[in-house]
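Right, one structure below, let's go through it.
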Amino acid sequence: MPAAPPLIDAFGRVVSSLRLSVTDRCDMRCVYCIGGGTRFVPRAGILTLEELERLVRVFMGFGVRRVRITGGEPLLRRGVMRLFRAVSRHLVAGLLDELTLTTNGSQLARYAAELAECGVRRVNVSLDSLDPDRYGAITRGGSLAAVLNGIDAAQNAGLAVKINTVALKGLNETDIAGLLRFAHGRGMALTVIEVMPMGDIDVDRAAQFVPMAAIRERLCREFTLEPVAETSGGPARWVRVTETGGKLGFISPISARFCAGCDRVRVTCSGLLHPCLGRDFAVDLRAPLRQFPGDDAPTSAAIRRAVLLKPHGHAFSADALNRIQVTRPMNVTGG
Ligand code: SAM
């Protein structure tokens with residue numbers, strides 16, 4: 001039972017989902033995500049696992065029932081399974097509906113069984129190509145074989161896997177049909193995502209960007225896409241692919257805004273609460289957490305303040321992709 005009234009923003013949206021980043025570090029350097037000059041949060045500034053779990057409890061006090069652990073690469077955080085174990089107790093107690101994970105899959109083979117034991121039922125795995133060389137180039141050194149092993153392990157452990165692919169002009173546009181066949185052949189949904197102009201990472205965003213309509217049009221040459229009424233509650237627009245029977249989602253933050261139904265907030269590993277992924281605005285939760293170790297009221301007040309300032313929509317504009325629209329890169333808040 002929530003102890004406090006729900007978190008409702010100035011536009012009447014109820015916040016029911018928390019995306020919690022447990023590290024900003026990653027073992028990959030995806031060309032659209034992390035730049036050479038990216039600075040990572042100094043260790044002392046990173047919330048401890050206990051502080052992260054405490055934050056989950058504070059959000060649960062507001063009736064938040066879905067938690068997604070993200071990063072950086074969340075499975076690289078030392079001791080991260082202690083956090084999963086601690087949060088899983090709230091699942092068992094019926095106080096949380098869902099505990100999930102977004103991962104690049106590199107460490108999944110090691111952790112999949114334990115994640116399932118902790119009550120995780122589904123994971124999102126980021127995968128932008130099935131061609132080992134192209135995968136290595138996009139991730140700047142990631143191992144496709146390790147990720148595929150991780151997907152095997154996740155499915156063997158009974159986890160539902162969704163594949164997330166960022167569409168990149170001239171880089172993986174021709175790979176998406178193959179990713180779709182792979183995902184659907186293995187009983188996994190696929191979502192394709194437009195690249196967002198996040199972070200001052202010295203890339204030509206306009207050259208990377210491909211609108212979802214172009215991806216859709218390319219897929220329609222090979223597949224029949226049937227609209228489905230169902231929504232996942234998230235930003236994806238779903239279709240069913242007649243030839244495979246599988247589900248395909250399109251996420252179009254640039255070409256088609258989806259902010260009206262946004263029910264989530266994000267907290268970075270240093271305790272910054274971002275009420276909107278596509279804005280720089282944030283409220284610090286680390287200071288009240290650390291200044292008042294035995295009292296959650298100041299942290300709760302900061303959360304409520306941040307939610308009241310949740311903007312109506314993000315700031316991304318397709319007309320100025322090469323202008324730095326949001327200064328922090330995605331590894332800070334995760335997906
Ligand atoms: N390391 C984990 C992973 O790879 O899934 C979690 C963090 S990663 C930042 C979360 C997701 O954000 C990944 O699917 C990644 O492809 C996506 N991403 C990173 N930068 C992006 C950008 N500029 N635009 C769109 N998606 C991005």
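Each chain in the structure tokens gets a letter, A, B and so on, in the order shown; residues start at 1 in every chain, and ligands are counted from 1 in the order they appear.
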Report as a ChimeraX atom specification all protein, DNA and RNA residues lying within 12 Å of Asp200 of chain A, evaluated on only C-alpha atoms, omitting residues in the same chain fewer than 2 positions from it.
/A:32-39,196-198,202-205,321-330
Output file for the selection above: C-alpha atoms, as a CSV table (one decimal), in the first residue's frame:
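Below is the file again-v7.csv, written as the result:
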```
chain,number,residue,atom,x,y,z
A,32,TYR,CA,25.8,6.9,-31.1
A,33,CYS,CA,26.0,6.7,-27.3
A,34,ILE,CA,29.3,7.3,-25.7
A,35,GLY,CA,32.0,9.6,-27.1
A,36,GLY,CA,35.8,9.5,-26.6
A,37,GLY,CA,35.6,12.5,-24.2
A,38,THR,CA,32.8,11.1,-22.0
A,39,ARG,CA,33.5,11.6,-18.3
A,196,MET,CA,18.2,10.7,-30.3
A,197,PRO,CA,20.5,13.8,-30.2
A,198,MET,CA,21.7,13.1,-26.7
A,202,ASP,CA,31.1,14.7,-31.3
A,203,VAL,CA,29.0,12.8,-33.8
A,204,ASP,CA,27.1,14.0,-36.9
A,205,ARG,CA,23.6,13.2,-35.7
A,321,LEU,CA,19.7,17.3,-35.0
A,322,ASN,CA,23.3,18.6,-34.9
A,323,ARG,CA,22.5,21.2,-32.2
A,324,ILE,CA,23.3,19.7,-28.7
A,325,GLN,CA,19.7,19.3,-27.6
A,326,VAL,CA,20.3,17.4,-24.3
A,327,THR,CA,23.8,17.5,-23.0
A,328,ARG,CA,24.0,14.2,-21.1
A,329,PRO,CA,24.6,11.1,-23.1
A,330,MET,CA,22.3,8.0,-22.8
```
Considering only C-alpha atoms, return as a count of residues only whatever protein or nucleic-acid residues lie within 9 Å of Ala318 of chain A, sequence-local ones (same chain, fewer than 3 positions apart) excluded. 4
- Task: Extract, using only C-alpha atoms, all DNA, RNA and protein residues at most 9 Å from Gly234 of chain A, discarding same-chain residues fewer than 6 positions from it, and format them as a list in words.
- Result: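 Contacts, with the query itself left out: Phe258, Gly261, Cys262 and Asp263 of chain A.
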Practice problem: Using DSSP on the backbone coordinates, identify all residues within segment 166-200 of chain A classified as strand (DSSP E); present the result as a count of residues only. | Solution: 8
Report task. From the DSSP assignment of the backbone, select every residue of segment 179-253 of chain A that is alpha helix (DSSP H), and format the answer as a VMD selection string. Result -> chain A and resid 179 to 185 205 to 208 212 to 220
Restricting to only C-alpha atoms and all ligand atoms, whichever of A:Ile251, A:Cys276, A:Val267, A:Ala213 is closest to ligand 1 is A:Ile251
field: d(atom CA of Lys310 of chain A, atom CA of Pro275 of chain A) in Å
entry: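 About the pair atom CA of Lys310 of chain A and atom CA of Pro275 of chain A: they are 5.1 Å apart.
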TODO: Counting only C-alpha atoms, figure out which residue out of A:Leu55, A:Val195, A:Val67, A:Leu248 gets nearest to Val31 of chain A.
DONE: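 Checking each of A:Leu55, A:Val195, A:Val67, A:Leu248 against Val31 of chain A, counting only C-alpha atoms, the winner is A:Val195.
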